[in-house]
file run.cif (mmCIF, C-alpha atoms and all ligand atoms)
data_target
loop_
_atom_site.group_PDB
_atom_site.id
_atom_site.type_symbol
_atom_site.label_atom_id
_atom_site.label_comp_id
_atom_site.auth_asym_id
_atom_site.auth_seq_id
_atom_site.Cartn_x
_atom_site.Cartn_y
_atom_site.Cartn_z
ATOM 1 C CA MET U 1 -13.948 -106.446 -61.609
ATOM 2 C CA PHE U 2 -15.671 -103.541 -63.415
ATOM 3 C CA ARG U 3 -16.407 -100.047 -62.089
ATOM 4 C CA ILE U 4 -18.190 -97.303 -64.040
ATOM 5 C CA GLY U 5 -18.096 -93.566 -63.377
ATOM 6 C CA GLN U 6 -19.282 -90.340 -64.954
ATOM 7 C CA GLY U 7 -18.048 -86.775 -64.737
ATOM 8 C CA TYR U 8 -19.331 -83.346 -65.697
ATOM 9 C CA ASP U 9 -17.654 -79.937 -65.513
ATOM 10 C CA VAL U 10 -18.182 -76.380 -66.757
ATOM 11 C CA HIS U 11 -15.742 -73.449 -66.981
ATOM 12 C CA ARG U 12 -16.385 -69.854 -67.992
ATOM 13 C CA LEU U 13 -14.805 -68.397 -71.153
ATOM 14 C CA VAL U 14 -12.935 -65.155 -70.490
ATOM 15 C CA PRO U 15 -10.435 -62.926 -72.334
ATOM 16 C CA GLN U 16 -6.711 -63.221 -71.684
ATOM 17 C CA ARG U 17 -6.715 -66.885 -70.734
ATOM 18 C CA ARG U 18 -5.321 -69.759 -72.775
ATOM 19 C CA LEU U 19 -7.815 -72.316 -74.071
ATOM 20 C CA ILE U 20 -6.603 -75.805 -73.145
ATOM 21 C CA LEU U 21 -8.763 -78.837 -73.818
ATOM 22 C CA GLY U 22 -7.562 -82.407 -73.447
ATOM 23 C CA GLY U 23 -4.084 -81.025 -72.828
ATOM 24 C CA VAL U 24 -4.086 -79.296 -76.241
ATOM 25 C CA GLU U 25 -3.645 -75.517 -76.445
ATOM 26 C CA ILE U 26 -6.132 -74.190 -78.995
ATOM 27 C CA ASP U 27 -5.844 -70.821 -80.670
ATOM 28 C CA HIS U 28 -8.956 -68.830 -79.644
ATOM 29 C CA GLU U 29 -9.764 -65.258 -78.604
ATOM 30 C CA ARG U 30 -10.777 -66.406 -75.102
ATOM 31 C CA GLY U 31 -9.811 -69.174 -72.694
ATOM 32 C CA LEU U 32 -11.303 -70.971 -69.713
ATOM 33 C CA LEU U 33 -11.165 -69.454 -66.227
ATOM 34 C CA GLY U 34 -10.099 -71.627 -63.301
ATOM 35 C CA HIS U 35 -7.634 -72.168 -60.484
ATOM 36 C CA SER U 36 -5.802 -74.739 -62.615
ATOM 37 C CA ASP U 37 -5.392 -74.513 -66.394
ATOM 38 C CA ALA U 38 -9.202 -75.035 -66.399
ATOM 39 C CA ASP U 39 -9.079 -77.966 -68.809
ATOM 40 C CA VAL U 40 -12.755 -78.793 -68.515
ATOM 41 C CA LEU U 41 -12.448 -82.014 -70.542
ATOM 42 C CA LEU U 42 -9.718 -83.472 -68.322
ATOM 43 C CA HIS U 43 -11.632 -82.413 -65.204
ATOM 44 C CA ALA U 44 -14.702 -84.339 -66.364
ATOM 45 C CA ILE U 45 -12.489 -87.371 -67.040
ATOM 46 C CA CYS U 46 -10.814 -87.078 -63.607
ATOM 47 C CA ASP U 47 -14.246 -86.962 -61.978
ATOM 48 C CA ALA U 48 -15.415 -89.998 -63.971
ATOM 49 C CA ILE U 49 -12.398 -92.029 -62.825
ATOM 50 C CA LEU U 50 -12.778 -90.831 -59.220
ATOM 51 C CA GLY U 51 -16.483 -91.670 -59.404
ATOM 52 C CA ALA U 52 -15.731 -95.183 -60.632
ATOM 53 C CA LEU U 53 -13.340 -95.632 -57.709
ATOM 54 C CA GLY U 54 -15.831 -94.245 -55.164
ATOM 55 C CA GLU U 55 -13.219 -91.570 -54.402
ATOM 56 C CA GLY U 56 -15.334 -88.424 -54.405
ATOM 57 C CA ASP U 57 -14.376 -85.664 -56.814
ATOM 58 C CA ILE U 58 -11.548 -83.516 -58.164
ATOM 59 C CA GLY U 59 -12.171 -80.694 -55.677
ATOM 60 C CA ARG U 60 -11.693 -83.120 -52.778
ATOM 61 C CA HIS U 61 -8.340 -84.342 -54.096
ATOM 62 C CA PHE U 62 -7.018 -81.022 -55.471
ATOM 63 C CA PRO U 63 -8.707 -78.178 -53.528
ATOM 64 C CA ASP U 64 -8.864 -74.819 -55.309
ATOM 65 C CA THR U 65 -7.742 -73.235 -52.012
ATOM 66 C CA ASP U 66 -4.333 -74.953 -52.371
ATOM 67 C CA SER U 67 -1.773 -72.781 -54.165
ATOM 68 C CA ALA U 68 0.011 -75.961 -55.300
ATOM 69 C CA TYR U 69 -2.678 -76.316 -57.965
ATOM 70 C CA ARG U 70 -2.687 -72.724 -59.231
ATOM 71 C CA GLY U 71 -2.172 -72.842 -62.998
ATOM 72 C CA ILE U 72 -1.332 -76.550 -62.889
ATOM 73 C CA SER U 73 -1.632 -78.608 -66.049
ATOM 74 C CA SER U 74 -4.679 -80.831 -65.688
ATOM 75 C CA LEU U 75 -2.686 -83.592 -67.395
ATOM 76 C CA LYS U 76 -0.766 -83.780 -64.093
ATOM 77 C CA LEU U 77 -4.043 -84.067 -62.185
ATOM 78 C CA LEU U 78 -5.231 -86.805 -64.552
ATOM 79 C CA ARG U 79 -1.955 -88.712 -64.066
ATOM 80 C CA GLU U 80 -2.432 -88.505 -60.287
ATOM 81 C CA VAL U 81 -6.027 -89.695 -60.525
ATOM 82 C CA MET U 82 -4.951 -92.556 -62.777
ATOM 83 C CA ALA U 83 -2.261 -93.510 -60.263
ATOM 84 C CA LEU U 84 -5.044 -93.906 -57.691
ATOM 85 C CA ALA U 85 -6.924 -96.203 -60.076
ATOM 86 C CA GLU U 86 -3.791 -98.231 -60.814
ATOM 87 C CA GLY U 87 -3.022 -98.453 -57.092
ATOM 88 C CA ALA U 88 -6.428 -100.073 -56.659
ATOM 89 C CA GLY U 89 -5.589 -102.525 -59.463
ATOM 90 C CA TYR U 90 -7.629 -100.890 -62.240
ATOM 91 C CA ALA U 91 -6.899 -99.918 -65.834
ATOM 92 C CA ILE U 92 -9.082 -98.129 -68.382
ATOM 93 C CA GLY U 93 -11.608 -100.457 -70.039
ATOM 94 C CA ASN U 94 -12.814 -97.594 -72.206
ATOM 95 C CA LEU U 95 -13.444 -93.890 -71.840
ATOM 96 C CA ASP U 96 -15.889 -91.696 -73.770
ATOM 97 C CA ALA U 97 -16.203 -87.926 -73.426
ATOM 98 C CA THR U 98 -18.079 -85.035 -75.006
ATOM 99 C CA VAL U 99 -17.010 -81.382 -75.097
ATOM 100 C CA ILE U 100 -19.963 -78.999 -75.392
ATOM 101 C CA ALA U 101 -18.708 -75.845 -77.102
ATOM 102 C CA GLN U 102 -20.295 -73.532 -79.643
ATOM 103 C CA ALA U 103 -16.791 -72.480 -80.710
ATOM 104 C CA PRO U 104 -14.041 -72.990 -81.624
ATOM 105 C CA LYS U 105 -14.233 -75.926 -84.008
ATOM 106 C CA LEU U 106 -12.594 -78.778 -82.137
ATOM 107 C CA ALA U 107 -12.548 -81.523 -84.778
ATOM 108 C CA PRO U 108 -8.963 -80.718 -85.909
ATOM 109 C CA HIS U 109 -7.718 -81.145 -82.328
ATOM 110 C CA ILE U 110 -9.553 -84.295 -81.275
ATOM 111 C CA ARG U 111 -6.807 -86.754 -82.241
ATOM 112 C CA ALA U 112 -4.193 -84.864 -80.193
ATOM 113 C CA MET U 113 -6.576 -84.794 -77.206
ATOM 114 C CA VAL U 114 -7.135 -88.560 -77.475
ATOM 115 C CA GLU U 115 -3.375 -89.178 -77.617
ATOM 116 C CA ASN U 116 -2.773 -86.998 -74.524
ATOM 117 C CA ILE U 117 -5.536 -88.698 -72.560
ATOM 118 C CA ALA U 118 -4.433 -92.210 -73.553
ATOM 119 C CA ALA U 119 -0.825 -91.429 -72.558
ATOM 120 C CA ALA U 120 -1.845 -89.936 -69.191
ATOM 121 C CA CYS U 121 -4.067 -92.947 -68.491
ATOM 122 C CA HIS U 122 -1.459 -95.514 -69.655
ATOM 123 C CA THR U 123 -3.900 -96.952 -72.155
ATOM 124 C CA ASP U 124 -4.291 -97.350 -75.932
ATOM 125 C CA VAL U 125 -5.902 -94.673 -78.092
ATOM 126 C CA GLU U 126 -8.458 -97.317 -79.150
ATOM 127 C CA ARG U 127 -9.889 -97.208 -75.621
ATOM 128 C CA VAL U 128 -10.383 -93.420 -75.665
ATOM 129 C CA ASN U 129 -13.069 -91.489 -77.557
ATOM 130 C CA VAL U 130 -13.585 -87.720 -77.531
ATOM 131 C CA LYS U 131 -16.488 -85.972 -79.238
ATOM 132 C CA ALA U 132 -17.542 -82.355 -79.628
ATOM 133 C CA THR U 133 -20.960 -80.819 -80.031
ATOM 134 C CA THR U 134 -22.466 -77.359 -80.153
ATOM 135 C CA THR U 135 -25.804 -76.596 -78.497
ATOM 136 C CA GLU U 136 -27.180 -74.933 -81.636
ATOM 137 C CA GLU U 137 -26.563 -71.543 -79.965
ATOM 138 C CA LEU U 138 -28.860 -72.411 -77.036
ATOM 139 C CA GLY U 139 -27.955 -71.855 -73.379
ATOM 140 C CA PHE U 140 -24.646 -70.732 -71.839
ATOM 141 C CA ALA U 141 -22.551 -72.848 -74.157
ATOM 142 C CA GLY U 142 -24.503 -71.593 -77.156
ATOM 143 C CA ARG U 143 -23.939 -67.981 -76.063
ATOM 144 C CA ARG U 144 -20.190 -68.834 -75.844
ATOM 145 C CA GLU U 145 -20.156 -67.944 -72.135
ATOM 146 C CA GLY U 146 -18.518 -71.213 -71.196
ATOM 147 C CA ILE U 147 -17.590 -74.722 -72.231
ATOM 148 C CA ALA U 148 -18.886 -77.917 -70.620
ATOM 149 C CA ALA U 149 -17.645 -81.480 -70.794
ATOM 150 C CA GLN U 150 -18.957 -84.830 -69.721
ATOM 151 C CA ALA U 151 -17.232 -88.184 -69.538
ATOM 152 C CA VAL U 152 -17.994 -91.830 -68.854
ATOM 153 C CA VAL U 153 -15.243 -94.244 -67.851
ATOM 154 C CA LEU U 154 -15.273 -98.005 -67.443
ATOM 155 C CA LEU U 155 -12.476 -99.293 -65.231
ATOM 156 C CA GLN U 156 -11.460 -102.954 -65.413
ATOM 157 C CA LYS U 157 -9.168 -104.900 -63.103
ATOM 158 C CA SER U 158 -5.746 -104.710 -64.811
ATOM 159 C CA SER U 159 -5.546 -108.515 -65.100
ATOM 160 C CA VAL U 160 -8.708 -108.466 -67.253
ATOM 161 C CA THR U 161 -7.450 -105.624 -69.464
ATOM 162 C CA GLU U 162 -4.232 -107.562 -70.136
ATOM 163 C CA GLU U 163 -6.146 -110.735 -71.064
ATOM 164 C CA ILE U 164 -8.875 -109.132 -73.194
ATOM 165 C CA PRO U 165 -7.578 -106.882 -76.006
ATOM 166 C CA PHE U 166 -9.931 -104.057 -76.897
HETATM 167 N N1 LIG P 1 -17.011 -77.071 -80.952
HETATM 168 C C1 LIG P 1 -17.336 -78.028 -81.847
HETATM 169 C C2 LIG P 1 -18.622 -78.511 -81.997
HETATM 170 C C3 LIG P 1 -18.877 -79.454 -82.930
HETATM 171 N N2 LIG P 1 -17.892 -79.944 -83.707
HETATM 172 C C4 LIG P 1 -18.160 -80.950 -84.756
HETATM 173 O O1 LIG P 1 -19.296 -80.566 -85.536
HETATM 174 C C5 LIG P 1 -20.258 -81.630 -85.539
HETATM 175 C C6 LIG P 1 -21.653 -81.096 -85.564
HETATM 176 O O2 LIG P 1 -21.919 -80.397 -84.370
HETATM 177 P P1 LIG P 1 -23.445 -80.204 -83.912
HETATM 178 O O3 LIG P 1 -23.396 -79.472 -82.633
HETATM 179 O O4 LIG P 1 -24.071 -79.416 -85.013
HETATM 180 O O5 LIG P 1 -24.025 -81.567 -83.763
HETATM 181 C C7 LIG P 1 -19.933 -82.478 -84.330
HETATM 182 O O6 LIG P 1 -20.351 -83.802 -84.467
HETATM 183 C C8 LIG P 1 -18.428 -82.341 -84.262
HETATM 184 O O7 LIG P 1 -17.820 -83.266 -85.123
HETATM 185 C C9 LIG P 1 -16.627 -79.465 -83.551
HETATM 186 O O8 LIG P 1 -15.680 -79.902 -84.247
HETATM 187 N N3 LIG P 1 -16.354 -78.517 -82.619
HETATM 188 C C1 LIG P 2 -9.064 -78.374 -60.737
HETATM 189 C C2 LIG P 2 -9.101 -77.435 -59.557
HETATM 190 C C3 LIG P 2 -7.694 -77.455 -58.932
HETATM 191 O O1 LIG P 2 -7.603 -76.715 -57.799
HETATM 192 O O2 LIG P 2 -9.373 -76.085 -59.912
HETATM 193 P P1 LIG P 2 -10.230 -75.444 -61.144
HETATM 194 O O3 LIG P 2 -9.330 -75.212 -62.321
HETATM 195 O O4 LIG P 2 -10.900 -74.211 -60.639
HETATM 196 O O5 LIG P 2 -11.292 -76.498 -61.624
HETATM 197 P P2 LIG P 2 -12.657 -77.039 -61.011
HETATM 198 O O6 LIG P 2 -13.302 -77.843 -62.087
HETATM 199 O O7 LIG P 2 -13.454 -75.921 -60.460
HETATM 200 O O8 LIG P 2 -12.172 -78.092 -59.906
HETATM 201 C C4 LIG P 2 -11.566 -77.662 -58.694
HETATM 202 C C5 LIG P 2 -10.100 -77.908 -58.489
HETATM 203 O O9 LIG P 2 -9.906 -79.265 -58.194
#
call {"tool": "encode", "arguments": {"input": "run.cif", "output": "structure tokens"}}
result
Amino acid sequence: MFRIGQGYDVHRLVPQRRLILGGVEIDHERGLLGHSDADVLLHAICDAILGALGEGDIGRHFPDTDSAYRGISSLKLLREVMALAEGAGYAIGNLDATVIAQAPKLAPHIRAMVENIAAACHTDVERVNVKATTTEELGFAGRREGIAAQAVVLLQKSSVTEEIPF
């Protein structure tokens, strides 16, 4: 009836790439490098859902050797992952994620990220939480070399989610 999963991802910050987090394009002097749009937050969420389903990871479902995924919006990947969950009879119980970034300041963008994630997962914004933290200038994130994200997702059988409001 319940399945829990966690996800973690890191992407490198480089010049001349767009910075997209939670499906939101953020004005910044560098962006994340990847085969897709490198949306590290959505990748961590995809992995958490896949983990809850016992379905491996994002690289297994969307290999970075497949040109179909070059530059793809990770919102599309999240919708596909969610379709797998729904096909197995699951809906989001709740989802919590943290973006680990020294910069830029993400607080002004969090609400838009939550709305994108909730829409892609066919759930209410009340079931989705996104946080941001720096690492106090320690480590790769602190040196602004990359951005990391982690996520935890609880999946519930859809029948339960319909009966029990959040
Ligand atoms: N990239 C970030 C990082 C953090 N925030 C917000 O600032 C708060 C304090 O961060 P600490 O790392 O000093 O704990 C944090 O709780 C976030 O609200 C942010 O907006 N963007
Ligand atoms: C998302 C995919 C899509 O090809 O590519 P990347 O953007 O490189 O992201 P990563 O987190 O390395 O996961 C692998 C791939 O699934």
call {"tool": "axis_aligned_box", "arguments": {"input": "run.cif", "around": "ligand LIG 2 (chain P)", "padding_each_side": "4 Å", "output": "AutoDock Vina command-line options"}}
result
--center_x -10.5 --center_y -76.7 --center_z -60.1 --size_x 13.9 --size_y 13.1 --size_z 12.5
call {"tool": "closest_atom_pairs", "arguments": {"input": "run.cif", "of": "chain U", "to": "ligand LIG 2 (chain P)", "cutoff": "8 Å", "atoms": "all atoms listed in the file", "output": "tab-separated table"}}
result
residue	atom	partner	partner_atom	distance
U:Asp9	CA	P:LIG2	O6	5.9
U:Val10	CA	P:LIG2	O6	6.9
U:His11	CA	P:LIG2	O6	7.0
U:Leu33	CA	P:LIG2	O3	7.2
U:Gly34	CA	P:LIG2	O3	3.8
U:His35	CA	P:LIG2	O4	3.9
U:Ser36	CA	P:LIG2	O3	3.6
U:Asp37	CA	P:LIG2	O3	5.7
U:Ala38	CA	P:LIG2	O3	4.1
U:Asp39	CA	P:LIG2	O3	7.1
U:Val40	CA	P:LIG2	O6	6.5
U:His43	CA	P:LIG2	O6	5.8
U:Ala44	CA	P:LIG2	O6	7.9
U:Asp57	CA	P:LIG2	O9	7.9
U:Ile58	CA	P:LIG2	O9	4.6
U:Gly59	CA	P:LIG2	O9	3.7
U:Arg60	CA	P:LIG2	O9	6.9
U:His61	CA	P:LIG2	O9	6.7
U:Phe62	CA	P:LIG2	O9	4.3
U:Pro63	CA	P:LIG2	O1	4.6
U:Asp64	CA	P:LIG2	O1	3.4
U:Thr65	CA	P:LIG2	O1	6.8
U:Asp66	CA	P:LIG2	O1	6.6
U:Ser67	CA	P:LIG2	O1	7.9
U:Tyr69	CA	P:LIG2	O1	4.9
U:Arg70	CA	P:LIG2	O1	6.5
U:Gly71	CA	P:LIG2	O3	7.6
U:Ile72	CA	P:LIG2	C3	7.5
U:Ser74	CA	P:LIG2	C1	7.1
U:Leu77	CA	P:LIG2	C1	7.7
call {"tool": "resolve_selection", "arguments": {"input": "run.cif", "expression": "the PyMOL selection byres (((chain U and resi 55) around 12) and not hetatm)", "output": "ChimeraX atom specification"}}
result
/U:3,5,46-54,56-61,81-82,84-85,88
call {"tool": "resolve_selection", "arguments": {"input": "run.cif", "expression": "the PyMOL selection byres (((not hetatm)) within 7 of (chain P and resi 1))", "output": "list in words"}}
result
Ile100, Ala101, Gln102, Ala103, Pro104, Lys105, Leu106, Ala107, Pro108, Lys131, Ala132, Thr133, Thr134, Thr135 and Glu136 of chain U
call {"tool": "residues_around", "arguments": {"input": "run.cif", "residues": "Ala151 of chain U", "least_positions_apart": "2", "cutoff": "9 Å", "atoms": "only C-alpha atoms", "output": "JSON list (two decimals) with C-alpha atoms, in the frame of the given file"}}
result
[["chain", "number", "residue", "atom", "x", "y", "z"],
["U", 5, "GLY", "CA", -18.10, -93.57, -63.38],
["U", 6, "GLN", "CA", -19.28, -90.34, -64.95],
["U", 7, "GLY", "CA", -18.05, -86.78, -64.74],
["U", 8, "TYR", "CA", -19.33, -83.35, -65.70],
["U", 41, "LEU", "CA", -12.45, -82.01, -70.54],
["U", 42, "LEU", "CA", -9.72, -83.47, -68.32],
["U", 44, "ALA", "CA", -14.70, -84.34, -66.36],
["U", 45, "ILE", "CA", -12.49, -87.37, -67.04],
["U", 46, "CYS", "CA", -10.81, -87.08, -63.61],
["U", 47, "ASP", "CA", -14.25, -86.96, -61.98],
["U", 48, "ALA", "CA", -15.42, -90.00, -63.97],
["U", 95, "LEU", "CA", -13.44, -93.89, -71.84],
["U", 96, "ASP", "CA", -15.89, -91.70, -73.77],
["U", 97, "ALA", "CA", -16.20, -87.93, -73.43],
["U", 98, "THR", "CA", -18.08, -85.04, -75.01],
["U", 99, "VAL", "CA", -17.01, -81.38, -75.10],
["U", 130, "VAL", "CA", -13.58, -87.72, -77.53],
["U", 149, "ALA", "CA", -17.64, -81.48, -70.79],
["U", 153, "VAL", "CA", -15.24, -94.24, -67.85]]
call {"tool": "atom_distance", "arguments": {"input": "run.cif", "atom1": "atom CA of Gly87 of chain U", "atom2": "atom CA of Met1 of chain U"}}
result
14.3 Å
call {"tool": "closest_residue", "arguments": {"input": "run.cif", "among": "U:Arg127, U:Arg111, U:Lys157, U:Arg17", "to": "Ala91 of chain U", "atoms": "all atoms listed in the file"}}
result
U:Lys157
call {"tool": "atom_distance", "arguments": {"input": "run.cif", "atom1": "atom CA of Gly142 of chain U", "atom2": "atom CA of Gln16 of chain U"}}
result
20.4 Å
call {"tool": "atom_distance", "arguments": {"input": "run.cif", "atom1": "atom CA of Leu13 of chain U", "atom2": "atom CA of His109 of chain U"}}
result
18.4 Å
call {"tool": "residues_around", "arguments": {"input": "run.cif", "residues": "Val114 of chain U", "least_positions_apart": "6", "cutoff": "8 Å", "atoms": "all atoms listed in the file", "output": "PyMOL selection string"}}
result
chain U and resi 22+125+128-130
call {"tool": "residues_around", "arguments": {"input": "run.cif", "residues": "Asn116 of chain U", "least_positions_apart": "4", "cutoff": "9 Å", "atoms": "only C-alpha atoms", "output": "list in words"}}
result
Gly22, Gly23, Val24, Leu75, Arg111, Ala112, Ala120 and Cys121 of chain U
call {"tool": "write_last_selection", "arguments": {"input": "run.cif", "atoms": "C-alpha atoms", "output": "PDB file, in the frame of the given file"}}
result
ATOM      1  CA  GLY U  22      -7.562 -82.407 -73.447  1.00  0.00           C
ATOM      2  CA  GLY U  23      -4.084 -81.025 -72.828  1.00  0.00           C
ATOM      3  CA  VAL U  24      -4.086 -79.296 -76.241  1.00  0.00           C
ATOM      4  CA  LEU U  75      -2.686 -83.592 -67.395  1.00  0.00           C
ATOM      5  CA  ARG U 111      -6.807 -86.754 -82.241  1.00  0.00           C
ATOM      6  CA  ALA U 112      -4.193 -84.864 -80.193  1.00  0.00           C
ATOM      7  CA  ALA U 120      -1.845 -89.936 -69.191  1.00  0.00           C
ATOM      8  CA  CYS U 121      -4.067 -92.947 -68.491  1.00  0.00           C
TER       9      CYS U 121
END
call {"tool": "closest_residue", "arguments": {"input": "run.cif", "among": "U:Ile4, U:Val152, U:Leu78, U:Ile92", "to": "Glu126 of chain U", "atoms": "only C-alpha atoms"}}
result
U:Ile92
call {"tool": "closest_residue", "arguments": {"input": "run.cif", "among": "U:Ile117, U:Ser159, U:Arg143, U:Glu25", "to": "Arg12 of chain U", "atoms": "only C-alpha atoms"}}
result
U:Arg143
call {"tool": "residues_near_point", "arguments": {"input": "run.cif", "point": "(-8.9, -74.9, -71.8)", "cutoff": "6 Å", "atoms": "all atoms listed in the file", "output": "list in words"}}
result
Leu19, Ile20, Leu21, Gly31, Leu32, Ala38 and Asp39 of chain U
call {"tool": "closest_residue", "arguments": {"input": "run.cif", "among": "U:Ala148, U:Met113, U:Leu138, U:Leu155", "to": "Asn94 of chain U", "atoms": "all atoms listed in the file"}}
result
U:Leu155
